[in-house]
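Trainee: Pasting run.cif below, which is mmCIF, C-alpha atoms.
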data_input
#
loop_
_atom_site.label_atom_id
_atom_site.label_comp_id
_atom_site.auth_asym_id
_atom_site.auth_seq_id
_atom_site.Cartn_x
_atom_site.Cartn_y
_atom_site.Cartn_z
CA MET A 252 68.66 283.18 6.65
CA LEU A 253 66.18 284.54 9.21
CA LEU A 254 65.08 287.22 6.75
CA LEU A 255 64.58 284.56 4.09
CA ILE A 256 62.51 282.34 6.40
CA GLY A 257 60.40 285.28 7.56
CA GLY A 258 59.95 286.61 4.06
CA ILE A 259 58.53 283.42 2.53
CA PRO A 260 55.10 283.62 4.27
CA VAL A 261 54.84 287.32 3.44
CA ALA A 262 55.65 286.66 -0.21
CA MET A 263 53.05 283.88 -0.36
CA MET A 264 50.38 286.16 1.14
CA LEU A 265 51.21 288.93 -1.34
CA ALA A 266 51.11 286.47 -4.24
CA ALA A 267 47.73 285.10 -3.13
CA THR A 268 46.34 288.62 -2.80
CA LEU A 269 47.61 289.57 -6.25
CA LEU A 270 46.14 286.40 -7.76
CA TRP A 271 42.71 287.05 -6.22
CA TRP A 272 42.77 290.66 -7.47
CA ALA A 273 43.63 289.47 -10.99
CA VAL A 274 40.87 286.83 -11.01
CA GLN A 275 38.29 289.23 -9.60
CA GLY A 276 39.16 291.83 -12.21
CA GLY A 277 38.91 289.29 -15.01
CA TYR A 278 42.61 289.56 -15.89
CA ILE A 279 43.26 285.86 -15.28
CA ASP A 280 41.05 283.00 -16.45
CA ILE A 281 41.53 280.15 -13.97
CA LEU A 282 39.77 277.60 -16.16
CA GLY A 283 41.69 278.61 -19.23
CA ARG A 284 45.06 278.30 -17.50
CA VAL A 285 44.42 275.18 -15.43
CA GLY A 286 42.33 273.35 -18.01
CA THR A 287 39.27 271.21 -17.31
CA ALA A 288 37.39 268.25 -18.71
CA ASN A 289 34.16 269.98 -17.75
CA HIS A 290 30.71 268.50 -18.26
CA GLY A 291 28.79 271.78 -18.14
CA ASP A 292 29.08 274.23 -21.04
CA LEU A 293 31.55 277.06 -20.48
CA ILE A 294 30.26 280.50 -21.41
CA ALA A 295 32.76 282.43 -23.51
CA PRO A 296 33.10 285.21 -22.86
CA PRO A 297 31.60 285.07 -19.36
CA ARG A 298 28.92 287.63 -18.50
CA SER A 299 29.31 290.01 -15.58
CA MET A 300 26.60 290.47 -12.95
CA LYS A 301 28.49 293.21 -11.11
CA GLU A 302 27.06 296.41 -12.61
CA ILE A 303 23.38 295.46 -12.54
CA ALA A 304 20.99 296.88 -9.93
CA PHE A 305 18.78 293.97 -8.84
CA ARG A 306 15.82 293.96 -6.51
CA HIS A 307 16.45 291.78 -3.48
CA GLU A 308 13.35 289.80 -2.46
CA GLY A 309 11.53 292.08 -4.92
CA VAL A 310 11.97 295.15 -2.72
CA ALA A 311 15.41 296.51 -1.77
CA GLU A 312 17.90 297.45 -4.49
CA THR A 313 21.16 295.53 -4.35
CA ARG A 314 24.17 294.69 -6.51
CA TRP A 315 25.97 291.40 -6.89
CA GLN A 316 29.01 292.63 -4.98
CA ASP A 317 26.77 293.34 -1.98
CA LEU A 318 26.30 289.58 -1.57
CA PRO A 319 28.82 287.44 0.37
CA VAL A 320 31.69 286.30 -1.86
CA LYS A 321 30.85 282.73 -2.88
CA TRP A 322 30.36 280.50 -5.88
CA ARG A 323 26.66 280.51 -6.76
CA LEU A 324 24.17 278.23 -8.49
CA LEU A 325 21.82 280.45 -10.50
CA VAL A 326 18.28 279.33 -11.34
CA VAL A 327 16.22 281.54 -13.67
CA GLN A 328 12.44 281.89 -13.31
CA ARG A 329 10.28 283.92 -15.72
CA GLY A 330 6.68 285.05 -15.57
CA ASP A 331 4.11 284.81 -12.81
CA GLU A 332 4.29 281.05 -12.24
CA CYS A 333 7.01 278.69 -10.97
CA ASP A 334 5.93 275.59 -12.89
CA GLY A 335 7.11 272.00 -12.58
CA LEU A 336 10.38 272.70 -14.40
CA CYS A 337 11.13 275.65 -12.13
CA GLN A 338 10.42 273.56 -9.04
CA GLN A 339 12.57 270.71 -10.35
CA GLN A 340 15.55 273.03 -10.90
CA LEU A 341 15.20 274.42 -7.39
CA TYR A 342 15.11 270.88 -6.01
CA GLN A 343 18.02 269.74 -8.18
CA THR A 344 20.30 272.62 -7.20
CA ARG A 345 19.41 272.18 -3.53
CA GLN A 346 20.39 268.50 -3.60
CA ILE A 347 23.62 269.23 -5.49
CA HIS A 348 24.46 271.96 -2.97
CA LEU A 349 23.91 269.58 -0.06
CA ALA A 350 26.02 266.91 -1.77
CA LEU A 351 29.07 269.21 -1.70
CA GLY A 352 29.50 268.31 1.97
CA LYS A 353 32.42 270.18 3.56
CA ASP A 354 32.36 272.72 0.70
CA PHE A 355 28.69 273.55 1.32
CA ASN A 356 29.42 276.96 2.86
CA ARG A 357 31.59 278.01 -0.10
CA VAL A 358 28.57 277.86 -2.40
CA ALA A 359 25.15 279.54 -2.33
CA ARG A 360 22.05 279.54 -4.53
CA VAL A 361 20.27 282.41 -6.26
CA LEU A 362 16.88 282.54 -7.94
CA LEU A 363 16.84 285.26 -10.62
CA SER A 364 13.37 286.30 -11.77
CA ASP A 365 11.68 289.00 -13.81
CA THR A 366 8.76 288.99 -11.34
CA ALA A 367 8.75 289.68 -7.59
CA PRO A 368 8.45 286.33 -5.73
CA GLY A 369 5.40 287.56 -3.85
CA ALA A 370 3.59 287.85 -7.19
CA VAL A 371 4.61 284.40 -8.48
CA SER A 372 2.26 281.47 -7.94
CA LEU A 373 3.40 277.93 -7.26
CA PRO A 374 0.93 275.29 -8.46
CA ILE A 375 1.54 272.08 -6.54
CA SER A 376 -0.22 268.80 -7.17
CA ASN A 377 -0.78 265.91 -4.78
CA ASP A 378 1.97 263.84 -6.39
CA ASN A 379 4.64 266.55 -5.90
CA GLU A 380 7.96 264.86 -5.07
CA GLN A 381 9.79 268.03 -4.05
CA GLY A 382 8.48 268.13 -0.51
CA GLY A 383 5.96 270.90 -1.12
CA ASN A 384 2.32 271.35 -0.22
CA VAL A 385 0.82 267.88 -0.61
CA ALA A 386 -2.67 269.29 -0.06
CA GLY A 387 -2.60 270.53 -3.63
CA ARG A 388 -3.22 274.20 -2.78
CA ASP A 389 -1.48 276.83 -4.90
CA GLU A 390 1.09 278.79 -2.90
CA VAL A 391 3.01 282.00 -3.35
CA LEU A 392 6.61 281.37 -4.40
CA SER A 393 8.14 283.53 -1.67
CA GLU A 394 6.30 281.60 1.07
CA TRP A 395 7.27 278.22 -0.36
CA LEU A 396 10.93 279.20 -0.73
CA ALA A 397 11.07 280.31 2.91
CA VAL A 398 10.09 276.78 3.96
CA GLU A 399 11.60 274.48 1.33
CA HIS A 400 14.63 276.52 0.25
CA ALA A 401 15.57 278.58 3.30
CA GLY A 402 18.65 280.73 2.74
CA MET A 403 18.23 281.02 -1.01
CA THR A 404 18.74 284.55 -2.32
CA VAL A 405 15.97 285.85 -4.58
CA LEU A 406 16.82 288.65 -7.01
CA THR A 407 14.56 290.27 -9.58
CA ALA A 408 15.49 292.20 -12.71
CA PRO A 409 13.65 293.49 -15.82
CA LYS A 410 13.09 291.09 -18.70
CA GLY A 411 15.61 293.00 -20.82
CA VAL A 412 18.34 292.29 -18.26
CA LEU A 413 17.56 288.57 -18.31
CA GLU A 414 17.73 288.61 -22.11
CA THR A 415 21.30 289.92 -21.85
CA LEU A 416 22.52 287.79 -18.96
CA VAL A 417 20.85 284.45 -19.68
CA PRO A 418 19.64 284.46 -23.30
CA GLU A 419 19.78 280.64 -23.54
CA VAL A 420 16.93 280.28 -21.06
CA LEU A 421 14.59 282.25 -23.31
CA SER A 422 14.67 279.53 -25.97
CA SER A 423 15.41 276.52 -23.76
CA PRO A 424 14.52 276.92 -20.06
CA SER A 425 15.83 273.47 -19.09
CA GLN A 426 19.15 274.80 -17.79
CA TRP A 427 20.72 276.83 -15.01
CA TYR A 428 24.08 278.51 -14.40
CA VAL A 429 27.21 278.71 -12.26
CA VAL A 430 28.50 282.16 -11.24
CA ASP A 431 32.06 282.60 -9.96
CA PRO A 432 32.94 284.57 -6.79
CA ALA A 433 33.76 287.68 -8.84
CA GLY A 434 30.25 287.78 -10.32
CA TRP A 435 30.83 286.24 -13.76
CA ILE A 436 28.31 283.81 -15.25
CA MET A 437 30.80 281.25 -16.52
CA MET A 438 29.06 277.86 -16.93
CA ARG A 439 25.70 276.60 -18.13
CA ILE A 440 24.24 273.36 -16.74
CA SER A 441 21.63 271.39 -18.67
CA ASP A 442 18.88 269.79 -16.57
CA ASP A 443 19.60 266.39 -18.10
CA LEU A 444 23.26 266.44 -17.07
CA TYR A 445 23.99 263.64 -14.59
CA TYR A 446 24.15 265.14 -11.10
CA LYS A 447 27.49 263.50 -10.27
CA ASP A 448 29.02 265.19 -13.32
CA VAL A 449 27.74 268.55 -12.07
CA ILE A 450 29.24 267.90 -8.64
CA SER A 451 32.53 266.93 -10.32
CA ASP A 452 32.60 270.26 -12.16
CA LEU A 453 31.84 272.21 -8.98
CA ARG A 454 34.49 270.41 -6.95
CA PHE A 455 37.06 271.12 -9.66
CA LEU A 456 36.19 274.82 -9.56
CA LEU A 457 36.32 274.91 -5.77
CA LYS A 458 39.63 273.05 -5.68
CA ASN A 459 41.24 275.56 -8.03
CA SER A 460 39.73 278.62 -6.39
CA GLY A 461 40.89 280.49 -3.32
CA VAL A 462 37.29 281.27 -2.38
#
What would the structure in this file look like if it were written as structure tokens?

Mentor:
Amino acid sequence: MLLLIGGIPVAMMLAATLLWWAVQGGYIDILGRVGTANHGDLIAPPRSMKEIAFRHEGVAETRWQDLPVKWRLLVVQRGDECDGLCQQQLYQTRQIHLALGKDFNRVARVLLSDTAPGAVSLPISNDNEQGGNVAGRDEVLSEWLAVEHAGMTVLTAPKGVLETLVPEVLSSPSQWYVVDPAGWIMMRISDDLYYKDVISDLRFLLKNSGV
């Protein structure tokens, strides 16, 4: 009886470890097994970020697995300007992240660009509602992110990589993505999706994930 009682916690720990290994390796699809009435569009098959060498902050080379293990909201920016749509997506994902409350630290945000943030301009007008530079002076994206979106990870990659990872954005930029803790792009979120529906999707994923 004592062996049985002592063995139950050990068995549970081993099972949890095995489950995480299977999910991380892509052998088990949590969404497929649990089922979901999701509002965002699932990407099938999901696309892996793990083998790509990104530039972190436009300088140091890094890979996805070098980042802390978290769910991530992925915004894509292309070219040498973060226009109104780009700024709106950054604002939208920030507010959704904050709205997760107690699950805030289980999620992080990433800006993926084909241009180093120090070379991207940020035109801001006097009527900007995102809390930016109300003086109307153009800023550099990296400087603005440090103030308005502190803690956001900025990765850069060649245009060809973006075409493989996020081809939808090339034809319709009004969307962003959810990446699971193992580095798989697995859901696409349209900008016009009601924010409470997005939060519902994220909370479902967090509830059914061990990370």

Trainee: Would you kindly return, as a list in words, each protein, DNA or RNA residue with an atom no farther than 12 Å from any atom of Val420 (chain A), considering all atoms listed in the file and excluding same-chain residues fewer than 4 positions away?

Mentor: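 The neighbour list is Leu325, Val326, Val327, Gln328, Arg329, Cys337, Leu363, Ser364, Lys410, Leu413, Glu414, Thr415, Leu416, Pro424, Ser425, Gln426, Trp427, Tyr428, Arg439, Ile440, Ser441 and Asp442 of chain A.
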
Trainee: For the provided coordinates, the residues matched by the PyMOL selection byres ((chain A and resi 332-334) around 8) should be stated as a list in words.

Mentor: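 Matching residues under the PyMOL selection byres ((chain A and resi 332-334) around 8) are Gln328, Arg329, Gly330, Asp331, Gly335, Leu336, Cys337, Gln338, Val371, Ser372, Leu373, Pro374 and Leu392 of chain A.
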
Trainee: So that each row is one residue of region 394-413 of chain A with an atom at most 12 Å from region 288-305 of chain A, can you give its shortest atom pair and the distance in Å to one decimal, using only C-alpha atoms, rows by chain and rising number, as JSON lines?

Mentor:
{"residue": "A:Thr404", "atom": "CA", "partner": "A:Phe305", "partner_atom": "CA", "distance": 11.5}
{"residue": "A:Val405", "atom": "CA", "partner": "A:Phe305", "partner_atom": "CA", "distance": 9.6}
{"residue": "A:Leu406", "atom": "CA", "partner": "A:Phe305", "partner_atom": "CA", "distance": 6.0}
{"residue": "A:Thr407", "atom": "CA", "partner": "A:Phe305", "partner_atom": "CA", "distance": 5.7}
{"residue": "A:Ala408", "atom": "CA", "partner": "A:Phe305", "partner_atom": "CA", "distance": 5.4}
{"residue": "A:Pro409", "atom": "CA", "partner": "A:Phe305", "partner_atom": "CA", "distance": 8.7}
{"residue": "A:Lys410", "atom": "CA", "partner": "A:Phe305", "partner_atom": "CA", "distance": 11.7}
{"residue": "A:Gly411", "atom": "CA", "partner": "A:Ile303", "partner_atom": "CA", "distance": 11.6}
{"residue": "A:Val412", "atom": "CA", "partner": "A:Ile303", "partner_atom": "CA", "distance": 8.3}
{"residue": "A:Leu413", "atom": "CA", "partner": "A:Met300", "partner_atom": "CA", "distance": 10.7}

Trainee: Name the residues that the PyMOL selection byres ((chain A and resi 342) around 12) picks from the file above, as a list in words, using the file's chain letters and numbers.

Mentor: Leu324, Val326, Gly335, Leu336, Cys337, Gln338, Gln339, Gln340, Leu341, Gln343, Thr344, Arg345, Gln346, Ile347, His348, Leu349, Arg360, Leu362, Asn379, Glu380, Gln381, Gly382, Gly383, Leu396, Glu399, His400, Met403, Asp442 and Tyr446 of chain A

Trainee: CA of Glu394 (chain A) and CA of Ala311 (chain A) are how many Å apart?

Mentor: 17.7 Å

Trainee: What gap, in Å, lies between CA of Glu390 (chain A) and CA of Asp365 (chain A)?

Mentor: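 Computing the Euclidean distance for CA of Glu390 (chain A) and CA of Asp365 (chain A) yields 18.3 Å.
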
Trainee: So which residues touch region 317-319 of chain A within 10 Å, counting all atoms listed in the file, skipping near sequence neighbours fewer than 2 positions away, as a PyMOL selection string?

Mentor: chain A and resi 301+313-315+321-322+357-359+404+432+434

Trainee: Report the distance between CA of Asp448 (chain A) and CA of Ile436 (chain A) in Å, rounded to one decimal place.

Mentor: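 Answer for the CA of Asp448 (chain A) to CA of Ile436 (chain A) separation: 18.7 Å.
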
Trainee: Which residue out of A:Ala401, A:Leu456, A:Val417, A:Ala367 has the minimum interatomic distance to Leu351 (chain A) when all atoms listed in the file are used?

Mentor: A:Leu456
